[in-house]
file my_file-v2.txt (compact mmCIF, C-alpha atoms (C1' of nucleotides))
# COMPACT_ATOMS: atom_id res chain seq x y z
CA MET A 1 -37.60 -45.10 38.88
CA GLU A 2 -37.69 -44.04 35.28
CA LEU A 3 -35.54 -46.99 34.31
CA LYS A 4 -38.38 -49.30 35.25
CA ARG A 5 -40.45 -47.84 32.42
CA LEU A 6 -37.60 -48.19 29.95
CA GLU A 7 -37.11 -51.76 31.03
CA LYS A 8 -40.69 -52.52 30.14
CA GLU A 9 -40.26 -50.74 26.85
CA GLN A 10 -37.31 -53.01 26.09
CA GLU A 11 -39.32 -56.04 27.08
CA ASN A 12 -41.94 -55.06 24.51
CA LEU A 13 -39.42 -54.19 21.82
CA LYS A 14 -37.71 -57.53 22.11
CA ASN A 15 -40.85 -59.25 20.86
CA ARG A 16 -40.27 -57.55 17.53
CA VAL A 17 -36.73 -58.83 17.13
CA LYS A 18 -36.37 -61.52 14.50
CA ILE A 19 -33.40 -63.85 14.58
CA ILE A 20 -33.90 -65.38 11.16
CA PRO A 21 -31.76 -66.72 8.31
CA PHE A 22 -30.07 -63.91 6.44
CA LYS A 23 -30.23 -64.51 2.71
CA LYS A 24 -29.61 -61.17 1.06
CA LYS A 25 -26.44 -60.55 -0.90
CA VAL A 26 -24.25 -58.07 0.92
CA ASN A 27 -22.73 -55.51 -1.39
CA LEU A 28 -22.88 -52.58 0.99
CA ALA A 29 -22.15 -52.69 4.69
CA GLY A 30 -22.95 -49.89 7.07
CA GLY A 31 -21.18 -49.04 10.28
CA CYS A 32 -21.95 -46.50 12.96
CA ASP A 33 -20.62 -44.99 16.13
CA VAL A 34 -21.14 -42.04 18.44
CA SER A 35 -18.42 -39.75 19.75
CA TYR A 36 -18.72 -37.11 22.43
CA ASN A 37 -17.49 -33.61 23.06
CA LYS A 38 -18.61 -31.95 26.27
CA ASP A 39 -22.39 -32.03 26.33
CA ARG A 40 -22.75 -32.88 22.67
CA GLY A 41 -22.69 -36.11 20.76
CA THR A 42 -22.10 -36.88 17.10
CA GLY A 43 -23.42 -39.91 15.31
CA VAL A 44 -21.45 -41.19 12.35
CA PHE A 45 -22.64 -43.56 9.67
CA VAL A 46 -20.44 -44.91 6.91
CA VAL A 47 -21.21 -47.19 4.01
CA ILE A 48 -18.46 -49.35 2.54
CA ASP A 49 -18.27 -51.96 -0.17
CA ARG A 50 -16.69 -55.38 0.11
CA ASN A 51 -13.29 -53.93 -0.70
CA PHE A 52 -13.51 -51.58 2.26
CA ASN A 53 -13.92 -48.50 0.08
CA VAL A 54 -15.87 -45.80 1.88
CA LEU A 55 -18.72 -44.83 -0.44
CA GLU A 56 -20.54 -42.46 1.87
CA GLU A 57 -20.34 -40.93 5.34
CA LYS A 58 -22.86 -38.81 7.20
CA TYR A 59 -22.97 -37.08 10.57
CA PHE A 60 -25.60 -35.91 13.00
CA SER A 61 -24.82 -33.82 16.06
CA ALA A 62 -27.04 -32.90 18.98
CA LYS A 63 -27.02 -32.40 22.70
CA VAL A 64 -26.64 -35.44 24.92
CA ASP A 65 -29.75 -35.92 27.00
CA PHE A 66 -29.33 -39.31 28.62
CA PRO A 67 -26.50 -40.70 30.76
CA TYR A 68 -24.59 -43.86 30.10
CA ILE A 69 -26.17 -46.68 32.04
CA PRO A 70 -25.16 -50.27 31.32
CA GLY A 71 -28.18 -51.96 29.76
CA PHE A 72 -29.63 -48.69 28.49
CA LEU A 73 -27.04 -47.55 26.01
CA SER A 74 -29.51 -47.17 23.16
CA TYR A 75 -31.45 -44.49 25.02
CA ARG A 76 -28.29 -42.43 25.01
CA GLU A 77 -26.98 -43.08 21.52
CA ILE A 78 -29.70 -44.20 19.16
CA LYS A 79 -30.93 -40.75 18.20
CA PHE A 80 -27.48 -39.88 16.92
CA LEU A 81 -27.36 -43.05 14.86
CA ILE A 82 -30.83 -42.54 13.40
CA GLY A 83 -30.01 -38.92 12.63
CA ALA A 84 -26.92 -39.87 10.68
CA TYR A 85 -28.57 -42.82 8.99
CA ASN A 86 -31.41 -40.69 7.65
CA LYS A 87 -28.92 -38.53 5.78
CA LEU A 88 -27.52 -41.46 3.85
CA LYS A 89 -28.39 -41.80 0.19
CA LEU A 90 -26.97 -45.28 -0.07
CA LYS A 91 -28.76 -47.85 2.02
CA PRO A 92 -26.54 -50.64 3.39
CA ASP A 93 -27.61 -54.28 3.21
CA ILE A 94 -26.34 -54.91 6.68
CA ILE A 95 -25.36 -52.66 9.59
CA PHE A 96 -22.61 -53.12 12.17
CA VAL A 97 -23.17 -51.43 15.50
CA ASP A 98 -20.72 -50.79 18.29
CA GLY A 99 -22.46 -52.52 21.16
CA ASN A 100 -24.57 -55.60 21.65
CA GLY A 101 -27.55 -57.06 19.86
CA ILE A 102 -29.49 -59.67 21.83
CA LEU A 103 -26.53 -60.26 24.14
CA HIS A 104 -28.23 -58.04 26.67
CA PRO A 105 -30.11 -58.40 29.99
CA ARG A 106 -33.43 -58.04 28.17
CA LYS A 107 -32.21 -59.10 24.73
CA MET A 108 -32.52 -55.54 23.54
CA GLY A 109 -29.06 -54.11 23.02
CA ILE A 110 -28.50 -51.04 20.85
CA ALA A 111 -27.97 -53.11 17.69
CA SER A 112 -31.34 -54.80 18.11
CA HIS A 113 -33.04 -51.52 18.94
CA LEU A 114 -31.60 -49.86 15.86
CA GLY A 115 -32.48 -52.84 13.71
CA ILE A 116 -36.11 -52.63 14.75
CA LEU A 117 -36.41 -48.89 14.18
CA LEU A 118 -34.73 -49.10 10.77
CA LYS A 119 -36.21 -52.48 9.85
CA LYS A 120 -32.72 -53.48 8.83
CA ALA A 121 -30.40 -56.39 9.45
CA THR A 122 -28.00 -55.40 12.22
CA ILE A 123 -25.05 -57.03 13.95
CA GLY A 124 -23.83 -56.03 17.39
CA CYS A 125 -20.06 -55.99 17.91
CA ALA A 126 -18.97 -55.06 21.41
CA LYS A 127 -15.39 -54.52 22.48
CA ASN A 128 -16.09 -55.61 26.03
CA LEU A 129 -18.34 -58.23 27.54
CA LEU A 130 -21.54 -56.92 29.08
CA LEU A 131 -22.78 -60.21 30.48
CA GLY A 132 -22.53 -63.96 30.02
CA LYS A 133 -19.72 -66.49 30.05
CA PHE A 134 -17.74 -68.28 27.41
CA ARG A 135 -14.99 -70.86 27.22
CA LYS A 136 -11.47 -69.74 26.53
CA ILE A 137 -10.48 -69.73 22.89
CA LYS A 138 -7.34 -69.68 20.79
CA PHE A 139 -6.41 -66.22 19.63
CA LYS A 140 -6.52 -67.34 16.05
CA ARG A 141 -8.61 -65.45 13.48
CA GLY A 142 -11.89 -67.26 13.02
CA SER A 143 -11.98 -69.10 16.33
CA LYS A 144 -15.08 -68.52 18.37
CA SER A 145 -16.83 -69.48 21.57
CA ALA A 146 -20.50 -69.31 22.45
CA ILE A 147 -21.46 -66.78 25.09
CA LYS A 148 -24.11 -68.17 27.38
CA VAL A 149 -26.47 -66.38 29.71
CA ASN A 150 -28.36 -68.77 31.95
CA SER A 151 -27.31 -71.63 29.66
CA GLU A 152 -28.77 -69.86 26.63
CA ILE A 153 -26.51 -68.83 23.78
CA LEU A 154 -26.92 -65.13 23.07
CA GLY A 155 -23.69 -64.33 21.26
CA TYR A 156 -20.16 -65.37 20.38
CA ALA A 157 -16.69 -64.29 21.35
CA LEU A 158 -15.04 -64.08 17.94
CA VAL A 159 -11.36 -63.62 17.18
CA THR A 160 -11.08 -61.37 14.16
CA ARG A 161 -7.30 -61.12 14.20
CA ASN A 162 -4.45 -63.39 15.29
CA ASN A 163 -3.13 -62.85 18.80
CA ILE A 164 -5.75 -60.23 19.52
CA LYS A 165 -8.56 -60.60 22.00
CA PRO A 166 -12.01 -61.32 20.57
CA VAL A 167 -14.93 -59.04 19.91
CA PHE A 168 -18.33 -60.00 21.23
CA VAL A 169 -20.78 -60.60 18.42
CA SER A 170 -24.52 -61.01 18.65
CA PRO A 171 -27.37 -60.71 16.16
CA GLY A 172 -29.18 -57.40 16.32
CA ASN A 173 -32.20 -58.05 14.16
CA LEU A 174 -33.19 -59.87 10.97
CA ILE A 175 -30.12 -62.08 10.98
CA ASP A 176 -28.92 -65.36 12.47
CA PHE A 177 -25.85 -66.18 14.55
CA GLU A 178 -23.95 -67.86 11.73
CA SER A 179 -24.38 -64.96 9.35
CA ALA A 180 -23.51 -62.45 12.04
CA ILE A 181 -20.22 -64.25 12.57
CA LYS A 182 -19.60 -64.79 8.89
CA TYR A 183 -20.04 -61.15 7.96
CA THR A 184 -18.16 -59.87 10.95
CA LEU A 185 -15.15 -61.84 9.77
CA LEU A 186 -15.71 -60.85 6.16
CA PHE A 187 -15.65 -57.16 7.06
CA SER A 188 -12.82 -57.30 9.58
CA LYS A 189 -9.28 -56.36 8.74
CA PHE A 190 -8.26 -55.48 12.29
CA ARG A 191 -9.93 -56.32 15.58
CA ILE A 192 -12.95 -54.10 15.07
CA PRO A 193 -15.04 -54.63 11.92
CA GLU A 194 -14.09 -51.98 9.36
CA PRO A 195 -17.50 -50.29 9.16
CA VAL A 196 -17.45 -49.54 12.88
CA ARG A 197 -13.73 -48.89 13.07
CA ILE A 198 -13.90 -46.35 10.27
CA ALA A 199 -17.00 -44.68 11.68
CA HIS A 200 -15.17 -44.36 15.00
CA ILE A 201 -12.15 -42.71 13.39
CA LYS A 202 -14.29 -40.34 11.36
CA GLY A 203 -16.14 -39.32 14.48
CA LYS A 204 -13.02 -38.37 16.39
CA ARG A 205 -11.76 -36.34 13.49
CA TYR A 206 -15.07 -34.70 12.78
CA VAL A 207 -15.48 -31.06 13.73
CA GLY A 208 -18.98 -30.25 12.64
CA GLU A 209 -21.45 -27.45 13.21
CA LYS A 210 -24.11 -27.48 15.82
C1' DG B 1 -25.35 -57.62 50.63
C1' DC B 2 -21.39 -57.54 47.10
C1' DG B 3 -19.56 -57.08 42.69
C1' DA B 4 -20.12 -56.46 37.54
C1' DC B 5 -21.35 -53.36 34.22
C1' DA B 6 -21.81 -52.32 25.92
C1' DG B 7 -20.29 -46.83 25.20
C1' DA C 1 -16.95 -42.59 25.92
C1' DT C 2 -12.84 -39.17 27.10
C1' DC C 3 -8.30 -37.07 29.04
C1' DT C 4 -3.06 -38.52 26.69
C1' DT C 5 3.34 -40.10 25.25
C1' DG C 6 5.91 -43.22 25.07
C1' DT C 7 6.57 -47.84 24.72
C1' DC C 8 6.43 -53.06 24.65
C1' DG C 9 5.47 -56.85 21.47
C1' DC C 10 3.89 -59.48 17.37
call {"tool": "encode", "arguments": {"input": "my_file-v2.txt", "output": "C-alpha cells"}}
result
Amino acid sequence: MELKRLEKEQENLKNRVKIIPFKKKVNLAGGCDVSYNKDRGTGVFVVIDRNFNVLEEKYFSAKVDFPYIPGFLSYREIKFLIGAYNKLKLKPDIIFVDGNGILHPRKMGIASHLGILLKKATIGCAKNLLLGKFRKIKFKRGSKSAIKVNSEILGYALVTRNNIKPVFVSPGNLIDFESAIKYTLLFSKFRIPEPVRIAHIKGKRYVGEK
DNA sequence: GCGACAG
DNA sequence: ATCTTGTCGC
C-alpha cells in the first residue's frame, strides 16, 4: 500500500532528526494547530513572548487531502502548519506542536517532521498517548515519568497543572529531553502549553476565506 | 489473530 | 479532529 512508501520516507527523515542540547535563549515561542471544517483545514500559528502576550498570529486554509491515520498525522496536517508559518514575520526560537516528536513508531511524529522542514527547534506535546508505557505519577505540576518504547525512553508524561492528567512531551528536533520538559512547563499555564492552547482557540474561532 | 491507535 | 448543555469537582 501507499503507506509503505510513507513509512520508508519517515525512516529516512528520522536520520535527520537531531536530539541535541538546546542552548538558545527563548524570547519568542511559537505554537500551532490545525482545525477542520468539512473538507477544509486551517493551520494556525501564533507567536508569544514569555509573558504569554500574543505578538502575531497567522492562518492558512486549504482542502484536506489526506485522512487521519495514527502514525501518519504529519501527512495530513503539516502543509497547513507550513502554510501558516511562512506568513509569520516574527520567527519563534522554539515551536510547540500538538502531537508527538520522536515518541512515534518510527521516531518521526509531526513535531519532528515540522522541525526538519523548518530547521527549527520543536517540541511535541500530545494530549493522548500514542504508544509506550510509563509509571504512574503524582498529579502535581512538574512531576514527570519517562515513557518507554521497547525499553527506550522516547518521551515523558509531564504534569503541567495540579490534579490534571499529564501531557505527553517528546523532543521534535534540535532539542533535548530536559529542555523540552523545561520549556513546556515554562510556557504552560493550564494543561496544554499556551502556544498550542491559544492556537487551538484561534483556529476554532477563525472564519477565514478560501 | 486481537486490540491499540497523536489529531 | 468534530457534533454539543449542563454539570460535577478542585
call {"tool": "interface_residues", "arguments": {"input": "my_file-v2.txt", "of": "chain A", "to": "chain B", "cutoff": "7 Å", "atoms": "only C-alpha atoms (C1' of nucleotides)", "output": "tab-separated table (two decimals) with C-alpha atoms, in the frame of the given file"}}
result
chain	number	residue	atom	x	y	z
A	70	PRO	CA	-25.16	-50.27	31.32
A	73	LEU	CA	-27.04	-47.55	26.01
A	99	GLY	CA	-22.46	-52.52	21.16
A	100	ASN	CA	-24.57	-55.60	21.65
A	126	ALA	CA	-18.97	-55.06	21.41
A	128	ASN	CA	-16.09	-55.61	26.03
A	130	LEU	CA	-21.54	-56.92	29.08
call {"tool": "interface_residues", "arguments": {"input": "my_file-v2.txt", "of": "chain A", "to": "chain C", "cutoff": "8 Å", "atoms": "all atoms listed in the file", "output": "short mmCIF file (atom, residue, chain, number, x, y, z; two decimals) with C-alpha atoms, in the frame of the given file"}}
result
data_model
loop_
_atom_site.label_atom_id
_atom_site.label_comp_id
_atom_site.auth_asym_id
_atom_site.auth_seq_id
_atom_site.Cartn_x
_atom_site.Cartn_y
_atom_site.Cartn_z
CA SER A 35 -18.42 -39.75 19.75
CA TYR A 36 -18.72 -37.11 22.43
CA ASN A 163 -3.13 -62.85 18.80
#
call {"tool": "atom_distance", "arguments": {"input": "my_file-v2.txt", "atom1": "atom CA of Lys136 of chain A", "atom2": "atom CA of Gly109 of chain A"}}
result
23.8 Å
call {"tool": "atom_distance", "arguments": {"input": "my_file-v2.txt", "atom1": "atom CA of Glu77 of chain A", "atom2": "atom CA of Phe60 of chain A"}}
result
11.2 Å
call {"tool": "atom_distance", "arguments": {"input": "my_file-v2.txt", "atom1": "atom CA of Pro92 of chain A", "atom2": "atom CA of Gly115 of chain A"}}
result
12.1 Å
call {"tool": "residues_around", "arguments": {"input": "my_file-v2.txt", "residues": "Glu57 of chain A", "least_positions_apart": "3", "cutoff": "10 Å", "atoms": "only C-alpha atoms (C1' of nucleotides)", "output": "PyMOL selection string"}}
result
chain A and resi 30-32+44-48+54+84-85+87-90+198-199+202
call {"tool": "decode", "arguments": {"input": "my_file-v2.txt", "residues": "chain C", "atoms": "N, CA and C atoms (P, O5', C5', C4', C3', O3' and C1' of nucleotides)", "output": "PDB file, in the first residue's frame"}}
result
ATOM      1  P    DA C   1      -8.808  17.833  19.401  1.00  0.00           P
ATOM      2  O5'  DA C   1      -9.009  17.290  17.954  1.00  0.00           O
ATOM      3  C5'  DA C   1      -8.195  17.819  16.941  1.00  0.00           C
ATOM      4  C4'  DA C   1      -8.977  18.024  15.673  1.00  0.00           C
ATOM      5  C3'  DA C   1     -10.381  18.547  15.940  1.00  0.00           C
ATOM      6  O3'  DA C   1     -10.748  19.657  15.100  1.00  0.00           O
ATOM      7  C1'  DA C   1     -10.476  16.404  14.889  1.00  0.00           C
ATOM      8  P    DT C   2     -11.802  20.697  15.684  1.00  0.00           P
ATOM      9  O5'  DT C   2     -13.178  19.973  15.333  1.00  0.00           O
ATOM     10  C5'  DT C   2     -13.459  19.597  14.000  1.00  0.00           C
ATOM     11  C4'  DT C   2     -14.887  19.083  13.938  1.00  0.00           C
ATOM     12  C3'  DT C   2     -15.800  19.754  14.972  1.00  0.00           C
ATOM     13  O3'  DT C   2     -17.046  20.124  14.391  1.00  0.00           O
ATOM     14  C1'  DT C   2     -15.848  17.405  15.253  1.00  0.00           C
ATOM     15  P    DC C   3     -17.924  21.113  15.229  1.00  0.00           P
ATOM     16  O5'  DC C   3     -19.253  20.253  15.414  1.00  0.00           O
ATOM     17  C5'  DC C   3     -19.733  19.438  14.343  1.00  0.00           C
ATOM     18  C4'  DC C   3     -20.944  18.670  14.834  1.00  0.00           C
ATOM     19  C3'  DC C   3     -21.722  19.404  15.934  1.00  0.00           C
ATOM     20  O3'  DC C   3     -23.136  19.238  15.724  1.00  0.00           O
ATOM     21  C1'  DC C   3     -21.007  17.281  16.719  1.00  0.00           C
ATOM     22  P    DT C   4     -24.118  20.240  16.293  1.00  0.00           P
ATOM     23  O5'  DT C   4     -23.982  19.964  17.843  1.00  0.00           O
ATOM     24  C5'  DT C   4     -23.704  21.030  18.756  1.00  0.00           C
ATOM     25  C4'  DT C   4     -24.166  20.634  20.129  1.00  0.00           C
ATOM     26  C3'  DT C   4     -23.943  21.710  21.173  1.00  0.00           C
ATOM     27  O3'  DT C   4     -25.010  21.703  22.110  1.00  0.00           O
ATOM     28  C1'  DT C   4     -22.772  19.779  21.788  1.00  0.00           C
ATOM     29  P    DT C   5     -25.183  22.996  22.985  1.00  0.00           P
ATOM     30  O5'  DT C   5     -25.630  22.410  24.391  1.00  0.00           O
ATOM     31  C5'  DT C   5     -27.022  22.212  24.645  1.00  0.00           C
ATOM     32  C4'  DT C   5     -27.268  22.302  26.137  1.00  0.00           C
ATOM     33  C3'  DT C   5     -26.689  23.550  26.773  1.00  0.00           C
ATOM     34  O3'  DT C   5     -27.570  24.019  27.803  1.00  0.00           O
ATOM     35  C1'  DT C   5     -25.606  21.623  27.632  1.00  0.00           C
ATOM     36  P    DG C   6     -27.019  24.820  29.075  1.00  0.00           P
ATOM     37  O5'  DG C   6     -27.003  23.641  30.146  1.00  0.00           O
ATOM     38  C5'  DG C   6     -27.965  22.599  30.029  1.00  0.00           C
ATOM     39  C4'  DG C   6     -27.605  21.474  30.988  1.00  0.00           C
ATOM     40  C3'  DG C   6     -27.423  21.936  32.432  1.00  0.00           C
ATOM     41  O3'  DG C   6     -27.960  20.944  33.325  1.00  0.00           O
ATOM     42  C1'  DG C   6     -25.383  21.037  31.629  1.00  0.00           C
ATOM     43  P    DT C   7     -27.867  21.146  34.893  1.00  0.00           P
ATOM     44  O5'  DT C   7     -26.470  20.456  35.208  1.00  0.00           O
ATOM     45  C5'  DT C   7     -26.267  19.103  34.818  1.00  0.00           C
ATOM     46  C4'  DT C   7     -24.935  18.618  35.357  1.00  0.00           C
ATOM     47  C3'  DT C   7     -24.627  19.123  36.773  1.00  0.00           C
ATOM     48  O3'  DT C   7     -24.017  18.062  37.510  1.00  0.00           O
ATOM     49  C1'  DT C   7     -22.864  19.682  35.340  1.00  0.00           C
ATOM     50  P    DC C   8     -24.440  17.962  39.085  1.00  0.00           P
ATOM     51  O5'  DC C   8     -23.169  17.219  39.676  1.00  0.00           O
ATOM     52  C5'  DC C   8     -22.657  16.061  39.003  1.00  0.00           C
ATOM     53  C4'  DC C   8     -21.140  16.024  39.158  1.00  0.00           C
ATOM     54  C3'  DC C   8     -20.665  16.503  40.544  1.00  0.00           C
ATOM     55  O3'  DC C   8     -19.666  15.614  41.042  1.00  0.00           O
ATOM     56  C1'  DC C   8     -19.549  17.694  38.847  1.00  0.00           C
ATOM     57  P    DG C   9     -19.166  15.832  42.524  1.00  0.00           P
ATOM     58  O5'  DG C   9     -17.757  16.499  42.270  1.00  0.00           O
ATOM     59  C5'  DG C   9     -16.727  15.771  41.604  1.00  0.00           C
ATOM     60  C4'  DG C   9     -15.452  16.599  41.568  1.00  0.00           C
ATOM     61  C3'  DG C   9     -15.117  17.244  42.918  1.00  0.00           C
ATOM     62  O3'  DG C   9     -13.695  17.212  43.099  1.00  0.00           O
ATOM     63  C1'  DG C   9     -15.305  18.919  41.275  1.00  0.00           C
ATOM     64  P    DC C  10     -13.186  17.497  44.595  1.00  0.00           P
ATOM     65  O5'  DC C  10     -11.883  18.378  44.327  1.00  0.00           O
ATOM     66  C5'  DC C  10     -10.899  17.957  43.375  1.00  0.00           C
ATOM     67  C4'  DC C  10     -10.107  19.163  42.905  1.00  0.00           C
ATOM     68  C3'  DC C  10      -9.616  20.065  44.042  1.00  0.00           C
ATOM     69  O3'  DC C  10      -8.338  20.605  43.712  1.00  0.00           O
ATOM     70  C1'  DC C  10     -10.980  21.322  42.605  1.00  0.00           C
TER      71       DC C  10
END
